[in-house]
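Only one structure is covered here, and it is reproduced in the block below.
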Amino acid sequence: MKIVVPIKRVVDPYAKVKPLADGTGLDVAGVKFEINPFDEIAMEEAVRIKERDPSTYTVAVSIGGPECEEQLRKALAIGADEAVLIETTDGLDASVIAAELVAFVQEVAPDIVLMGKQSTDDDSNQVGQMMAAMLGWPQATFACKLTPGVGEVTVDRETDSGEESLRMKTPCVVTTDLRMNQPRYIALPGIIKARSKPLAKRGRGTSASPRVRLTHLAALPPRPPGRKVASVDELLTELKSRGLV
Amino acid sequence: MKLLCVAFSEAELPVCGGLAASLGAEFDVLLVHGSAGAGYGAAQVMTLGATEAPTADVLAPCVAAAAVGYSHVVAVSSMATKDLMARAAGLVGAAMVTDVVRFEAPNRFVRPILAGSVLATVETLVEPVFLTFRAAGIVPAEAGSAVAVAAAPPLGPELATRVATTVRGGSRPDLAQAKCVVTGGRPLQDAETFERVIGGLADRLGAAVGATRAAVDSGIAPNELQVGQTGKIVAPDLYIAAGVSGSTQHVAGIKDSKAIVAINKDPDAPIFETADLGLVADLFEAIPEIVAKLGPKE
Ligand SMILES: Cc1cc2nc3c(=O)[nH]c(=O)nc-3n(C[C@H](O)[C@H](O)[C@H](O)COP(=O)(O)OP(=O)(O)OC[C@H]3O[C@@H](n4cnc5c(N)ncnc54)[C@H](O)[C@@H]3O)c2cc1C
């Protein structure tokens, strides 16, 4: 079984990042970058599948500037067999990422594309579904459990009202939710050891151009400051006076 | 602008109609589930008459075919519409924008990014535009008179088979629509305690129940109750957070609430920065006291 795991470099999801004063971008001075947490879950799952079935081969792929190498090294440290950086400084939207990944996937011919359901910077939740549409493959988004079979997979996915289980033939696209697994901790030596694993760089495979462009960023206006109440009685009096209970 | 609203159920039609009215746009509806008694301002409702919503692979070709002739294909944000709309946009080659909170121009939209801490303005460069939008702040449309009904385009081939479905819900209001939400976090210990303490207060208030990721991950609450960046977005009149630290990811889902009440025993918990009213207290004492002082439900 071959698994492709797309990896996105994102600002540390726990950091408080603000837009630049002129709204043209984010002020990322001094902020760390990480693998998008959902992609890390996808990479972890691919490696667990490989640990159960050693014939599995996993490829991590990222699209972006040379700095994305850092996140691909981490993916290799988690256990990817190989990493590919599609290097570009072009403006990218979900449709361009999907087009590039489709071209890559057609070449690598995996059984599963396993990826995060959304990135924690853009929060769009689009690329997996777009890729599946373009490839004509089945999809399972918001996945919390993946059970590979022979020529098929069974995926448990979270829904608005509970869960459901989908069975689909491979090749397919699976996007992970938070509860699929808890990624392993990688200590620095692990990342250094992964330096001997193959990481190839190449240019873009398509000329797709963005359909959506970011024009401005602004901080969310703060909520008016609240206050503390001293007791349950004071809380209830306040809520009653506002007609809330 | 001519809109096609994709709705999984009739319950989504009032906000679809409200959105179209606020934009002064003509609109039709593609209704997946059930039938529409009224149009909420729509010129036409295309129905599929499905008893169970088909999977996204089956639905997307139908949406893509129905989209012809519309400038915008829109749906209320939910896990189901995110699953479907991006796939349909991929088939059509459309521009796609997720979680729109403000419509500035037919090709300019505002949406939250980075766990709702930043508002991004985006421009779409091609038509049609596919988008999901947040219902908060939209005035629902009146039902209106009976509406012309047409058959939806055919469904696509089934690529995935649904082999099991678990639907929870029960008698409490729907989290995303509720006027009041009571949310519990990690300190609720176990499912039984969560249900008794958080569920008890919620039932007294006629509220929906929400949970943090920590509560869901530790099996205290079911996943569909998770509120936040990667869970449900709520916008009630009253949001009560008990034993919730107030992480950016959680707060991302509650910012549109009119009033936020926090009950936390740590006076420095970040949730107090977001709360309108904060009570520093042990929730296991404060909540029973609130329920007792509110008295039995009328
Ligand atoms: C990619 C990503 C996505 C995420 N998405 C979400 C999301 O959608 N929703 C979400 O909620 N989280 C999300 N998280 C997790 C988030 O970062 C926090 O870990 C989580 O919200 C914490 O939950 P909590 O407040 O219940 O737990 P904790 O952070 O452990 O806080 C518990 C709080 O309860 C208080 N407390 C303890 N005992 C009592 C008591 N007896 N009485 C009163 N107060 C008490 C403590 O003082 C503390 O403030 C996400 C994280 C990541 C990385």
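Here's how to read the names in the structure tokens: chain A, B, ... by the order shown, residue numbers from 1 in each chain, ligand numbers from 1 in the order shown.
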
Q: Grab me every residue within 6 Å of ligand 1, counting only C-alpha atoms and all ligand atoms, and send it over as a PyMOL selection string.
A: (chain A and resi 37+120) or (chain B and resi 185-187+212-215+226-231+243-247+249-250+263-266+269+281-284)

Q: For chain A, work out the contacting residues on chain B at 6 Å, counting only C-alpha atoms, and write them as a PyMOL selection string.
A: chain B and resi 79+86-87+90-91+95+98+113-114+117-126+159-168+224+275-279

Grab the residues selected above and save them as a PDB file, in the first residue's frame with C-alpha atoms.
ATOM      1  CA  MET B  79     -19.562  19.660   8.323  1.00  0.00           C
ATOM      2  CA  ALA B  86     -15.588  21.946  -1.943  1.00  0.00           C
ATOM      3  CA  ARG B  87     -16.064  18.708  -3.900  1.00  0.00           C
ATOM      4  CA  GLY B  90     -13.662  21.010  -7.632  1.00  0.00           C
ATOM      5  CA  LEU B  91     -15.913  19.463 -10.301  1.00  0.00           C
ATOM      6  CA  ALA B  95     -13.772  29.685  -6.766  1.00  0.00           C
ATOM      7  CA  THR B  98     -15.347  28.869   3.365  1.00  0.00           C
ATOM      8  CA  ILE B 113      -8.870  32.738   9.738  1.00  0.00           C
ATOM      9  CA  LEU B 114      -6.358  31.622  12.393  1.00  0.00           C
ATOM     10  CA  SER B 117      -8.442  35.841  15.578  1.00  0.00           C
ATOM     11  CA  VAL B 118      -8.028  37.544  12.193  1.00  0.00           C
ATOM     12  CA  LEU B 119     -10.582  38.637   9.599  1.00  0.00           C
ATOM     13  CA  ALA B 120      -9.422  38.088   6.032  1.00  0.00           C
ATOM     14  CA  THR B 121     -10.887  39.882   3.045  1.00  0.00           C
ATOM     15  CA  VAL B 122     -10.688  37.719  -0.067  1.00  0.00           C
ATOM     16  CA  GLU B 123     -11.492  38.414  -3.700  1.00  0.00           C
ATOM     17  CA  THR B 124     -12.740  35.744  -6.036  1.00  0.00           C
ATOM     18  CA  LEU B 125     -11.288  35.914  -9.539  1.00  0.00           C
ATOM     19  CA  VAL B 126     -13.651  33.574 -11.433  1.00  0.00           C
ATOM     20  CA  LEU B 159     -18.180   5.756  -4.913  1.00  0.00           C
ATOM     21  CA  ALA B 160     -18.487   5.268  -1.145  1.00  0.00           C
ATOM     22  CA  THR B 161     -20.955   3.063   0.694  1.00  0.00           C
ATOM     23  CA  ARG B 162     -22.342   4.149   4.026  1.00  0.00           C
ATOM     24  CA  VAL B 163     -22.196   1.036   6.178  1.00  0.00           C
ATOM     25  CA  ALA B 164     -23.188   2.491   9.552  1.00  0.00           C
ATOM     26  CA  THR B 165     -24.637   5.704  10.940  1.00  0.00           C
ATOM     27  CA  THR B 166     -24.887   6.905  14.511  1.00  0.00           C
ATOM     28  CA  VAL B 167     -27.142   9.910  14.994  1.00  0.00           C
ATOM     29  CA  ARG B 168     -27.348  11.370  18.455  1.00  0.00           C
ATOM     30  CA  GLU B 224     -20.691  16.463  17.779  1.00  0.00           C
ATOM     31  CA  ALA B 275     -16.445  36.604  29.176  1.00  0.00           C
ATOM     32  CA  ASP B 276     -18.930  39.409  29.779  1.00  0.00           C
ATOM     33  CA  LEU B 277     -19.640  38.040  33.236  1.00  0.00           C
ATOM     34  CA  GLY B 278     -17.112  35.938  35.127  1.00  0.00           C
ATOM     35  CA  LEU B 279     -17.619  33.957  38.301  1.00  0.00           C
TER      36      LEU B 279
END

Q | Residues near Lys32 (chain A), cut-off 7 Å, only C-alpha atoms, skip fewer than 2 positions along chain, as a PyMOL selection string | A | chain A and resi 11-12+30+34

Q. Between A:Lys240, A:Lys201, A:Val84, A:Lys2, which one has atoms that come closest to Gly151 (chain A), using only C-alpha atoms?
A.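 Nearest to Gly151 (chain A): A:Lys2.
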
DSSP on the backbone: what in region 121-215 of chain B comes out strand (DSSP E), as an mmCIF file with all heavy atoms, in the first residue's frame?
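Output (selection04.cif):
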data_model
loop_
_atom_site.group_PDB
_atom_site.id
_atom_site.type_symbol
_atom_site.label_atom_id
_atom_site.label_comp_id
_atom_site.auth_asym_id
_atom_site.auth_seq_id
_atom_site.Cartn_x
_atom_site.Cartn_y
_atom_site.Cartn_z
ATOM 1 N N THR B 121 -10.063 39.513 4.192
ATOM 2 C CA THR B 121 -10.887 39.882 3.045
ATOM 3 C C THR B 121 -10.320 39.160 1.833
ATOM 4 O O THR B 121 -9.115 39.250 1.576
ATOM 5 C CB THR B 121 -10.838 41.405 2.812
ATOM 6 O OG1 THR B 121 -11.199 42.049 4.024
ATOM 7 C CG2 THR B 121 -11.804 41.825 1.710
ATOM 8 N N VAL B 122 -11.164 38.436 1.120
ATOM 9 C CA VAL B 122 -10.688 37.719 -0.067
ATOM 10 C C VAL B 122 -11.505 38.141 -1.280
ATOM 11 O O VAL B 122 -12.670 38.504 -1.161
ATOM 12 C CB VAL B 122 -10.761 36.177 0.102
ATOM 13 C CG1 VAL B 122 -9.885 35.704 1.252
ATOM 14 C CG2 VAL B 122 -12.196 35.707 0.309
ATOM 15 N N GLU B 123 -10.837 38.095 -2.446
ATOM 16 C CA GLU B 123 -11.492 38.414 -3.700
ATOM 17 C C GLU B 123 -11.529 37.174 -4.554
ATOM 18 O O GLU B 123 -10.503 36.494 -4.707
ATOM 19 C CB GLU B 123 -10.653 39.468 -4.436
ATOM 20 C CG GLU B 123 -11.341 40.797 -4.542
ATOM 21 C CD GLU B 123 -10.399 41.833 -5.135
ATOM 22 O OE1 GLU B 123 -9.760 41.543 -6.179
ATOM 23 O OE2 GLU B 123 -10.311 42.913 -4.528
ATOM 24 N N THR B 124 -12.680 36.870 -5.114
ATOM 25 C CA THR B 124 -12.740 35.744 -6.036
ATOM 26 C C THR B 124 -12.479 36.252 -7.440
ATOM 27 O O THR B 124 -12.892 37.352 -7.814
ATOM 28 C CB THR B 124 -14.102 35.046 -5.957
ATOM 29 O OG1 THR B 124 -15.132 36.015 -6.120
ATOM 30 C CG2 THR B 124 -14.270 34.356 -4.608
ATOM 31 N N VAL B 129 -18.967 31.408 -7.948
ATOM 32 C CA VAL B 129 -18.348 31.355 -6.635
ATOM 33 C C VAL B 129 -19.146 30.367 -5.794
ATOM 34 O O VAL B 129 -20.367 30.486 -5.687
ATOM 35 C CB VAL B 129 -18.378 32.745 -5.966
ATOM 36 C CG1 VAL B 129 -17.829 32.661 -4.541
ATOM 37 C CG2 VAL B 129 -17.599 33.758 -6.793
ATOM 38 N N PHE B 130 -18.461 29.378 -5.242
ATOM 39 C CA PHE B 130 -19.084 28.473 -4.275
ATOM 40 C C PHE B 130 -18.676 28.959 -2.896
ATOM 41 O O PHE B 130 -17.512 29.303 -2.688
ATOM 42 C CB PHE B 130 -18.585 27.038 -4.472
ATOM 43 C CG PHE B 130 -19.304 26.279 -5.553
ATOM 44 C CD1 PHE B 130 -19.414 26.790 -6.832
ATOM 45 C CD2 PHE B 130 -19.879 25.036 -5.285
ATOM 46 C CE1 PHE B 130 -20.085 26.089 -7.834
ATOM 47 C CE2 PHE B 130 -20.555 24.324 -6.275
ATOM 48 C CZ PHE B 130 -20.653 24.845 -7.545
ATOM 49 N N LEU B 131 -19.603 28.994 -1.971
ATOM 50 C CA LEU B 131 -19.206 29.412 -0.621
ATOM 51 C C LEU B 131 -20.100 28.803 0.444
ATOM 52 O O LEU B 131 -21.252 28.458 0.198
ATOM 53 C CB LEU B 131 -19.181 30.939 -0.520
ATOM 54 C CG LEU B 131 -20.449 31.742 -0.775
ATOM 55 C CD1 LEU B 131 -21.279 31.863 0.499
ATOM 56 C CD2 LEU B 131 -20.079 33.133 -1.276
ATOM 57 N N THR B 132 -19.517 28.676 1.630
ATOM 58 C CA THR B 132 -20.321 28.368 2.812
ATOM 59 C C THR B 132 -20.321 29.646 3.652
ATOM 60 O O THR B 132 -19.350 30.405 3.642
ATOM 61 C CB THR B 132 -19.744 27.203 3.632
ATOM 62 O OG1 THR B 132 -18.409 27.504 4.024
ATOM 63 C CG2 THR B 132 -19.754 25.904 2.836
ATOM 64 N N PHE B 133 -21.443 29.890 4.345
ATOM 65 C CA PHE B 133 -21.517 31.117 5.144
ATOM 66 C C PHE B 133 -22.040 30.801 6.529
ATOM 67 O O PHE B 133 -22.743 29.817 6.739
ATOM 68 C CB PHE B 133 -22.403 32.165 4.451
ATOM 69 C CG PHE B 133 -23.861 31.783 4.349
ATOM 70 C CD1 PHE B 133 -24.786 32.206 5.311
ATOM 71 C CD2 PHE B 133 -24.322 30.996 3.306
ATOM 72 C CE1 PHE B 133 -26.130 31.857 5.222
ATOM 73 C CE2 PHE B 133 -25.663 30.634 3.211
ATOM 74 C CZ PHE B 133 -26.569 31.057 4.168
ATOM 75 N N ALA B 148 -42.698 27.157 -6.422
ATOM 76 C CA ALA B 148 -42.612 26.212 -7.531
ATOM 77 C C ALA B 148 -41.556 25.154 -7.219
ATOM 78 O O ALA B 148 -40.474 25.467 -6.760
ATOM 79 C CB ALA B 148 -42.223 26.948 -8.810
ATOM 80 N N VAL B 149 -41.915 23.895 -7.466
ATOM 81 C CA VAL B 149 -40.991 22.797 -7.166
ATOM 82 C C VAL B 149 -40.569 22.135 -8.477
ATOM 83 O O VAL B 149 -41.381 21.939 -9.373
ATOM 84 C CB VAL B 149 -41.660 21.774 -6.231
ATOM 85 C CG1 VAL B 149 -40.763 20.561 -6.021
ATOM 86 C CG2 VAL B 149 -41.987 22.423 -4.894
ATOM 87 N N ALA B 150 -39.292 21.838 -8.586
ATOM 88 C CA ALA B 150 -38.785 21.150 -9.774
ATOM 89 C C ALA B 150 -37.907 19.990 -9.323
ATOM 90 O O ALA B 150 -37.466 19.961 -8.176
ATOM 91 C CB ALA B 150 -37.969 22.124 -10.623
ATOM 92 N N ALA B 151 -37.660 19.064 -10.230
ATOM 93 C CA ALA B 151 -36.783 17.944 -9.876
ATOM 94 C C ALA B 151 -35.329 18.379 -10.006
ATOM 95 O O ALA B 151 -34.979 19.128 -10.910
ATOM 96 C CB ALA B 151 -37.054 16.756 -10.781
ATOM 97 N N ALA B 160 -18.682 5.689 -2.533
ATOM 98 C CA ALA B 160 -18.487 5.268 -1.145
ATOM 99 C C ALA B 160 -19.807 4.731 -0.627
ATOM 100 O O ALA B 160 -20.861 5.273 -0.946
ATOM 101 C CB ALA B 160 -18.038 6.450 -0.291
ATOM 102 N N THR B 161 -19.740 3.660 0.153
ATOM 103 C CA THR B 161 -20.955 3.063 0.694
ATOM 104 C C THR B 161 -21.039 3.349 2.182
ATOM 105 O O THR B 161 -20.082 3.073 2.914
ATOM 106 C CB THR B 161 -20.932 1.534 0.496
ATOM 107 O OG1 THR B 161 -20.594 1.276 -0.865
ATOM 108 C CG2 THR B 161 -22.282 0.913 0.814
ATOM 109 N N ARG B 162 -22.168 3.891 2.589
ATOM 110 C CA ARG B 162 -22.342 4.149 4.026
ATOM 111 C C ARG B 162 -22.746 2.834 4.672
ATOM 112 O O ARG B 162 -23.773 2.257 4.326
ATOM 113 C CB ARG B 162 -23.439 5.203 4.195
ATOM 114 C CG ARG B 162 -23.514 5.782 5.585
ATOM 115 C CD ARG B 162 -24.664 6.770 5.693
ATOM 116 N NE ARG B 162 -24.321 8.131 5.332
ATOM 117 C CZ ARG B 162 -24.975 8.859 4.445
ATOM 118 N NH1 ARG B 162 -25.988 8.368 3.778
ATOM 119 N NH2 ARG B 162 -24.620 10.096 4.206
ATOM 120 N N VAL B 163 -21.898 2.343 5.590
ATOM 121 C CA VAL B 163 -22.196 1.036 6.178
ATOM 122 C C VAL B 163 -22.758 1.152 7.593
ATOM 123 O O VAL B 163 -23.302 0.185 8.119
ATOM 124 C CB VAL B 163 -20.965 0.099 6.163
ATOM 125 C CG1 VAL B 163 -20.663 -0.346 4.745
ATOM 126 C CG2 VAL B 163 -19.740 0.756 6.765
ATOM 127 N N ALA B 164 -22.618 2.312 8.214
ATOM 128 C CA ALA B 164 -23.188 2.491 9.552
ATOM 129 C C ALA B 164 -23.361 3.971 9.822
ATOM 130 O O ALA B 164 -22.592 4.797 9.319
ATOM 131 C CB ALA B 164 -22.275 1.885 10.614
ATOM 132 N N THR B 165 -24.389 4.313 10.573
ATOM 133 C CA THR B 165 -24.637 5.704 10.940
ATOM 134 C C THR B 165 -25.050 5.759 12.397
ATOM 135 O O THR B 165 -25.889 4.971 12.827
ATOM 136 C CB THR B 165 -25.801 6.297 10.108
ATOM 137 O OG1 THR B 165 -25.586 5.987 8.738
ATOM 138 C CG2 THR B 165 -25.888 7.803 10.274
ATOM 139 N N THR B 166 -24.449 6.656 13.145
ATOM 140 C CA THR B 166 -24.887 6.905 14.511
ATOM 141 C C THR B 166 -25.348 8.351 14.585
ATOM 142 O O THR B 166 -24.555 9.264 14.357
ATOM 143 C CB THR B 166 -23.727 6.713 15.510
ATOM 144 O OG1 THR B 166 -23.147 5.438 15.264
ATOM 145 C CG2 THR B 166 -24.219 6.798 16.948
ATOM 146 N N VAL B 167 -26.621 8.554 14.844
ATOM 147 C CA VAL B 167 -27.142 9.910 14.994
ATOM 148 C C VAL B 167 -27.552 10.093 16.435
ATOM 149 O O VAL B 167 -28.367 9.342 16.954
ATOM 150 C CB VAL B 167 -28.342 10.158 14.060
ATOM 151 C CG1 VAL B 167 -28.948 11.535 14.320
ATOM 152 C CG2 VAL B 167 -27.913 10.046 12.612
ATOM 153 N N CYS B 180 -29.478 29.468 23.793
ATOM 154 C CA CYS B 180 -28.667 29.380 25.003
ATOM 155 C C CYS B 180 -27.832 28.096 24.922
ATOM 156 O O CYS B 180 -28.338 27.061 24.476
ATOM 157 C CB CYS B 180 -29.580 29.371 26.227
ATOM 158 S SG CYS B 180 -28.704 29.281 27.798
ATOM 159 N N VAL B 181 -26.559 28.187 25.290
ATOM 160 C CA VAL B 181 -25.671 27.021 25.252
ATOM 161 C C VAL B 181 -24.926 26.934 26.583
ATOM 162 O O VAL B 181 -24.423 27.946 27.078
ATOM 163 C CB VAL B 181 -24.638 27.137 24.101
ATOM 164 C CG1 VAL B 181 -23.631 25.986 24.155
ATOM 165 C CG2 VAL B 181 -25.332 27.180 22.746
ATOM 166 N N VAL B 182 -24.874 25.745 27.157
ATOM 167 C CA VAL B 182 -24.059 25.507 28.349
ATOM 168 C C VAL B 182 -22.950 24.533 27.958
ATOM 169 O O VAL B 182 -23.225 23.436 27.467
ATOM 170 C CB VAL B 182 -24.884 24.907 29.509
ATOM 171 C CG1 VAL B 182 -23.998 24.745 30.749
ATOM 172 C CG2 VAL B 182 -26.088 25.777 29.832
ATOM 173 N N THR B 183 -21.698 24.958 28.151
ATOM 174 C CA THR B 183 -20.555 24.143 27.743
ATOM 175 C C THR B 183 -19.715 23.730 28.946
ATOM 176 O O THR B 183 -19.483 24.532 29.850
ATOM 177 C CB THR B 183 -19.682 24.935 26.740
ATOM 178 O OG1 THR B 183 -20.335 24.930 25.484
ATOM 179 C CG2 THR B 183 -18.307 24.314 26.582
ATOM 180 N N GLY B 184 -19.278 22.485 28.927
ATOM 181 C CA GLY B 184 -18.407 21.987 29.985
ATOM 182 C C GLY B 184 -17.062 21.563 29.432
ATOM 183 O O GLY B 184 -16.964 21.134 28.283
ATOM 184 N N ALA B 208 -28.884 24.212 24.695
ATOM 185 C CA ALA B 208 -28.110 23.136 24.083
ATOM 186 C C ALA B 208 -26.867 22.904 24.924
ATOM 187 O O ALA B 208 -26.451 23.778 25.683
ATOM 188 C CB ALA B 208 -27.718 23.527 22.664
ATOM 189 N N VAL B 209 -26.256 21.733 24.783
ATOM 190 C CA VAL B 209 -25.035 21.401 25.507
ATOM 191 C C VAL B 209 -23.850 21.431 24.550
ATOM 192 O O VAL B 209 -23.927 20.926 23.430
ATOM 193 C CB VAL B 209 -25.166 20.012 26.158
ATOM 194 C CG1 VAL B 209 -23.822 19.523 26.685
ATOM 195 C CG2 VAL B 209 -26.181 20.041 27.284
ATOM 196 N N GLY B 210 -22.747 22.049 25.001
ATOM 197 C CA GLY B 210 -21.513 22.064 24.224
ATOM 198 C C GLY B 210 -20.382 21.488 25.048
ATOM 199 O O GLY B 210 -20.517 21.269 26.256
ATOM 200 N N ALA B 211 -19.234 21.234 24.385
ATOM 201 C CA ALA B 211 -18.079 20.670 25.092
ATOM 202 C C ALA B 211 -16.801 21.204 24.470
ATOM 203 O O ALA B 211 -16.785 21.641 23.319
ATOM 204 C CB ALA B 211 -18.110 19.145 24.984
#

Q: Compile the contact shell of Ser218 (chain B) as a list in words: residues with an atom at most 10 Å away, counting only C-alpha atoms, same-chain residues fewer than 6 positions apart removed.
A: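 Contacts, with the query itself left out: Arg186, Gln189, Asp190 and Ala191 of chain B.
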
Q | Every residue of region 29-219 of chain B that DSSP places in helix (DSSP H, G or I), as an NGL selection string | A | :B and (56-66 or 79-92 or 186-188 or 191-205 or 213-217)
